[in-house]
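Colleague: This is the structure I have questions about; it appears just below.
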Amino acid sequence: AQPGWERIDAHGVLGRSGVAALMAASRAGLVTLLPAANHLDALPVKLFEYMAAGIAVIASDFPLWRRIVDDAGCGLCVDPRDPAAIAAAIDRLAAEPDLARRMGRNGRAAVLARYHWRGQAEQLLRYYENL
């Protein structure tokens with residue numbers, strides 16, 4: 001019933017294969033949480049899922065998230081309170097598919113190199129050893 005809803009494809013609940021197929025057909029993934037205290041330093045799984053899937057990300061411009069996105073070169077950061085900025089980021093990646101593909105490849109490479117369980121397990125074990 002909302003204006004513009006006719007332009008939305010609601011997929012409903014998808015299984016793993018459905019999610020994988022949808023991500024494979026996507027140019028970018030959105031992670032635009034609002035700047036609530038518990039979001040600013042969070043590490044949203046969705047951000048890393050998009051990166052692992054090899055798609056560009058459009059993320060909230062929080063310092064931690066910007067550092068991850070900029071270091072990996074995997075997407076664009078926007079003010080999540082600014083719909084025009086989010087739309088501009090979507091439009092840019094839609095207009096520049098080579099840029100979106102490069103960002104997606106960069107994100108996948110970052111996940112394989114840094115953001116994976118093996119590396120996190122080593123850090124966690126070191127933490128436990130220091131307790």
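Chain labels A, B, ... are given in the sequence in which chains occur in the structure tokens; within each chain residues are numbered consecutively from 1, and ligands are likewise numbered from 1 in the order shown.
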Set the distance at 10 Å and use only C-alpha atoms: which residues neighbour stretch 79-95 of chain A once local chain neighbours fewer than 3 positions away are removed? I'd like the list as number ranges by chain.
Modeller: A: 27-35, 56-62, 75-76, 98-101, 103
Colleague: Just the residues within 12 Å of A:Tyr115, please, counting only C-alpha atoms, with nothing from its chain fewer than 4 positions along; format it as a ChimeraX atom specification.
Modeller: /A:43,45,47-49,51-52,68,72,107-111,119-121,123
Colleague: Would you save the residues from that selection as a short mmCIF file (atom, residue, chain, number, x, y, z; two decimals), in the first residue's frame, using all heavy atoms?
Modeller:
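Written file, selection.cif:
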```
data_model
loop_
_atom_site.label_atom_id
_atom_site.label_comp_id
_atom_site.auth_asym_id
_atom_site.auth_seq_id
_atom_site.Cartn_x
_atom_site.Cartn_y
_atom_site.Cartn_z
N LEU A 43 29.83 -5.48 14.14
CA LEU A 43 30.36 -6.11 12.93
C LEU A 43 29.22 -6.94 12.33
O LEU A 43 29.07 -8.11 12.63
CB LEU A 43 31.57 -7.01 13.27
CG LEU A 43 32.79 -6.27 13.76
CD1 LEU A 43 33.83 -7.24 14.27
CD2 LEU A 43 33.37 -5.39 12.65
N VAL A 45 26.98 -9.31 10.38
CA VAL A 45 27.22 -10.51 9.57
C VAL A 45 26.87 -10.23 8.11
O VAL A 45 27.57 -10.68 7.20
CB VAL A 45 26.40 -11.70 10.13
CG1 VAL A 45 26.44 -12.89 9.18
CG2 VAL A 45 26.91 -12.08 11.51
N LEU A 47 27.22 -7.63 6.30
CA LEU A 47 28.32 -6.98 5.59
C LEU A 47 29.30 -8.02 5.07
O LEU A 47 29.68 -8.01 3.89
CB LEU A 47 29.04 -6.01 6.53
CG LEU A 47 30.32 -5.37 6.01
CD1 LEU A 47 30.04 -4.46 4.82
CD2 LEU A 47 31.00 -4.59 7.13
N PHE A 48 29.67 -8.96 5.92
CA PHE A 48 30.65 -9.97 5.54
C PHE A 48 30.05 -11.03 4.62
O PHE A 48 30.75 -11.59 3.78
CB PHE A 48 31.29 -10.58 6.78
CG PHE A 48 32.04 -9.55 7.58
CD1 PHE A 48 31.47 -8.98 8.71
CD2 PHE A 48 33.28 -9.10 7.16
CE1 PHE A 48 32.15 -8.01 9.43
CE2 PHE A 48 33.96 -8.12 7.87
CZ PHE A 48 33.39 -7.58 9.01
N GLU A 49 28.75 -11.28 4.74
CA GLU A 49 28.09 -12.19 3.79
C GLU A 49 28.11 -11.61 2.39
O GLU A 49 28.38 -12.33 1.42
CB GLU A 49 26.65 -12.47 4.24
CG GLU A 49 26.55 -13.36 5.44
CD GLU A 49 25.12 -13.56 5.93
OE1 GLU A 49 24.24 -12.72 5.64
OE2 GLU A 49 24.90 -14.56 6.60
N MET A 51 30.27 -9.42 1.23
CA MET A 51 31.66 -9.46 0.78
C MET A 51 32.03 -10.88 0.34
O MET A 51 32.63 -11.06 -0.72
CB MET A 51 32.58 -8.98 1.91
CG MET A 51 32.45 -7.49 2.21
SD MET A 51 33.30 -6.97 3.74
CE MET A 51 35.02 -7.26 3.29
N ALA A 52 31.68 -11.87 1.14
CA ALA A 52 32.00 -13.26 0.81
C ALA A 52 31.33 -13.70 -0.49
O ALA A 52 31.88 -14.49 -1.25
CB ALA A 52 31.59 -14.20 1.95
N ILE A 68 36.68 -0.79 7.32
CA ILE A 68 36.59 -2.11 6.68
C ILE A 68 36.35 -1.97 5.19
O ILE A 68 37.05 -2.58 4.37
CB ILE A 68 35.47 -2.96 7.34
CG1 ILE A 68 35.86 -3.31 8.78
CG2 ILE A 68 35.19 -4.22 6.52
CD1 ILE A 68 34.72 -3.87 9.61
N ALA A 72 39.27 -2.63 2.26
CA ALA A 72 39.04 -3.70 1.29
C ALA A 72 38.73 -3.15 -0.11
O ALA A 72 38.85 -3.89 -1.09
CB ALA A 72 37.88 -4.59 1.75
N GLY A 107 36.01 -7.38 -2.06
CA GLY A 107 35.38 -7.83 -0.82
C GLY A 107 35.59 -9.32 -0.60
O GLY A 107 35.92 -9.76 0.51
N ARG A 108 35.42 -10.09 -1.65
CA ARG A 108 35.64 -11.55 -1.55
C ARG A 108 37.08 -11.83 -1.16
O ARG A 108 37.35 -12.66 -0.29
CB ARG A 108 35.29 -12.22 -2.87
CG ARG A 108 35.59 -13.69 -2.89
CD ARG A 108 34.34 -14.51 -3.00
NE ARG A 108 34.67 -15.91 -3.15
CZ ARG A 108 34.50 -16.80 -2.18
NH1 ARG A 108 33.99 -16.43 -1.03
NH2 ARG A 108 34.81 -18.06 -2.36
N ALA A 109 38.03 -11.15 -1.78
CA ALA A 109 39.44 -11.35 -1.46
C ALA A 109 39.72 -10.99 0.00
O ALA A 109 40.49 -11.69 0.67
CB ALA A 109 40.31 -10.52 -2.40
N ALA A 110 39.11 -9.92 0.50
CA ALA A 110 39.32 -9.52 1.90
C ALA A 110 38.79 -10.58 2.85
O ALA A 110 39.42 -10.87 3.87
CB ALA A 110 38.66 -8.17 2.16
N VAL A 111 37.64 -11.16 2.53
CA VAL A 111 37.09 -12.21 3.39
C VAL A 111 38.03 -13.42 3.40
O VAL A 111 38.33 -13.98 4.45
CB VAL A 111 35.67 -12.62 2.93
CG1 VAL A 111 35.23 -13.92 3.57
CG2 VAL A 111 34.68 -11.51 3.27
N GLY A 119 41.32 -17.28 11.03
CA GLY A 119 41.99 -16.16 11.68
C GLY A 119 41.32 -15.74 12.97
O GLY A 119 41.98 -15.41 13.95
N GLN A 120 40.01 -15.77 12.99
CA GLN A 120 39.29 -15.40 14.20
C GLN A 120 39.50 -16.44 15.29
O GLN A 120 39.60 -16.10 16.47
CB GLN A 120 37.80 -15.23 13.89
CG GLN A 120 37.50 -14.10 12.93
CD GLN A 120 38.01 -12.77 13.42
OE1 GLN A 120 37.76 -12.37 14.55
NE2 GLN A 120 38.78 -12.09 12.59
N ALA A 121 39.56 -17.71 14.92
CA ALA A 121 39.78 -18.77 15.90
C ALA A 121 41.13 -18.59 16.59
O ALA A 121 41.24 -18.75 17.81
CB ALA A 121 39.70 -20.14 15.23
N GLN A 123 42.75 -15.79 17.07
CA GLN A 123 42.64 -14.66 17.99
C GLN A 123 41.89 -15.06 19.25
O GLN A 123 42.27 -14.69 20.36
CB GLN A 123 41.92 -13.49 17.31
CG GLN A 123 42.73 -12.81 16.24
CD GLN A 123 41.94 -11.67 15.59
OE1 GLN A 123 40.98 -11.15 16.15
NE2 GLN A 123 42.35 -11.30 14.39
#
```
Colleague: Apply DSSP to the structure's backbone, then extract all residues of stretch 51-89 of chain A labelled strand (DSSP E or B) and return them as a PDB file with all heavy atoms, in the first residue's frame.
Modeller:
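As written to disk, selection_25.pdb reads:
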```
ATOM      1  N   ALA A  56      29.415  -5.907  -4.226  1.00  0.00           N
ATOM      2  CA  ALA A  56      29.741  -4.631  -3.602  1.00  0.00           C
ATOM      3  C   ALA A  56      28.784  -4.369  -2.449  1.00  0.00           C
ATOM      4  O   ALA A  56      27.660  -4.859  -2.437  1.00  0.00           O
ATOM      5  CB  ALA A  56      29.638  -3.505  -4.629  1.00  0.00           C
ATOM      6  N   VAL A  57      29.250  -3.584  -1.491  1.00  0.00           N
ATOM      7  CA  VAL A  57      28.399  -3.230  -0.363  1.00  0.00           C
ATOM      8  C   VAL A  57      28.152  -1.723  -0.342  1.00  0.00           C
ATOM      9  O   VAL A  57      28.990  -0.938  -0.776  1.00  0.00           O
ATOM     10  CB  VAL A  57      29.003  -3.680   0.987  1.00  0.00           C
ATOM     11  CG1 VAL A  57      29.146  -5.177   1.044  1.00  0.00           C
ATOM     12  CG2 VAL A  57      30.321  -3.007   1.265  1.00  0.00           C
ATOM     13  N   ILE A  58      26.978  -1.382   0.122  1.00  0.00           N
ATOM     14  CA  ILE A  58      26.638   0.003   0.438  1.00  0.00           C
ATOM     15  C   ILE A  58      26.329  -0.022   1.924  1.00  0.00           C
ATOM     16  O   ILE A  58      25.365  -0.668   2.355  1.00  0.00           O
ATOM     17  CB  ILE A  58      25.437   0.497  -0.391  1.00  0.00           C
ATOM     18  CG1 ILE A  58      25.775   0.460  -1.883  1.00  0.00           C
ATOM     19  CG2 ILE A  58      25.027   1.897   0.049  1.00  0.00           C
ATOM     20  CD1 ILE A  58      24.584   0.697  -2.796  1.00  0.00           C
ATOM     21  N   ALA A  59      27.199   0.617   2.705  1.00  0.00           N
ATOM     22  CA  ALA A  59      27.138   0.492   4.156  1.00  0.00           C
ATOM     23  C   ALA A  59      27.012   1.850   4.826  1.00  0.00           C
ATOM     24  O   ALA A  59      27.403   2.877   4.272  1.00  0.00           O
ATOM     25  CB  ALA A  59      28.401  -0.212   4.656  1.00  0.00           C
ATOM     26  N   SER A  60      26.503   1.821   6.048  1.00  0.00           N
ATOM     27  CA  SER A  60      26.431   3.036   6.862  1.00  0.00           C
ATOM     28  C   SER A  60      27.836   3.571   7.076  1.00  0.00           C
ATOM     29  O   SER A  60      28.783   2.819   7.277  1.00  0.00           O
ATOM     30  CB  SER A  60      25.800   2.720   8.216  1.00  0.00           C
ATOM     31  OG  SER A  60      24.477   2.273   8.054  1.00  0.00           O
ATOM     32  N   GLY A  75      33.221  -1.266  -1.480  1.00  0.00           N
ATOM     33  CA  GLY A  75      31.909  -0.654  -1.570  1.00  0.00           C
ATOM     34  C   GLY A  75      31.924   0.829  -1.285  1.00  0.00           C
ATOM     35  O   GLY A  75      32.966   1.486  -1.335  1.00  0.00           O
ATOM     36  N   LEU A  76      30.749   1.335  -0.964  1.00  0.00           N
ATOM     37  CA  LEU A  76      30.536   2.755  -0.709  1.00  0.00           C
ATOM     38  C   LEU A  76      29.899   2.916   0.662  1.00  0.00           C
ATOM     39  O   LEU A  76      29.061   2.104   1.059  1.00  0.00           O
ATOM     40  CB  LEU A  76      29.604   3.341  -1.772  1.00  0.00           C
ATOM     41  CG  LEU A  76      30.035   3.163  -3.231  1.00  0.00           C
ATOM     42  CD1 LEU A  76      28.907   3.585  -4.169  1.00  0.00           C
ATOM     43  CD2 LEU A  76      31.300   3.942  -3.509  1.00  0.00           C
ATOM     44  N   CYS A  77      30.288   3.959   1.374  1.00  0.00           N
ATOM     45  CA  CYS A  77      29.677   4.273   2.661  1.00  0.00           C
ATOM     46  C   CYS A  77      28.812   5.517   2.512  1.00  0.00           C
ATOM     47  O   CYS A  77      29.195   6.464   1.824  1.00  0.00           O
ATOM     48  CB  CYS A  77      30.751   4.483   3.725  1.00  0.00           C
ATOM     49  SG  CYS A  77      31.605   2.963   4.172  1.00  0.00           S
ATOM     50  N   VAL A  78      27.657   5.483   3.150  1.00  0.00           N
ATOM     51  CA  VAL A  78      26.679   6.568   3.028  1.00  0.00           C
ATOM     52  C   VAL A  78      26.109   6.912   4.394  1.00  0.00           C
ATOM     53  O   VAL A  78      26.163   6.102   5.322  1.00  0.00           O
ATOM     54  CB  VAL A  78      25.518   6.171   2.083  1.00  0.00           C
ATOM     55  CG1 VAL A  78      26.007   5.922   0.670  1.00  0.00           C
ATOM     56  CG2 VAL A  78      24.766   4.958   2.613  1.00  0.00           C
TER      57      VAL A  78
END
```
Colleague: Which is closest to A:Ala25 among A:Cys74, A:Ala53, A:Leu125, A:Ala10, if we use only C-alpha atoms?
Modeller: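 Closest candidate: A:Ala53.
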Colleague: Could you tell me how far atom CA of A:Leu40 sits from atom CA of A:Leu64, in Å to one decimal place?
Modeller: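 According to the coordinates, atom CA of A:Leu64 and atom CA of A:Leu40 are separated by 7.4 Å.
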Colleague: Write out as a count of residues only the set of residues from chain A that DSSP, computed on the backbone, places in alpha helix (DSSP H).
Modeller: 76
Colleague: What does the structure give for the distance between atom CA of A:Arg105 and atom CA of A:Gly73, in Å to one decimal?
Modeller: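 The value is 9.2 Å.
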Colleague: Considering only C-alpha atoms, can you say which of A:Trp65, A:Gly54, A:Tyr128, A:Leu22 comes closest to A:Arg102?
Modeller: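 Among the listed residues, A:Gly54 lies closest to A:Arg102.
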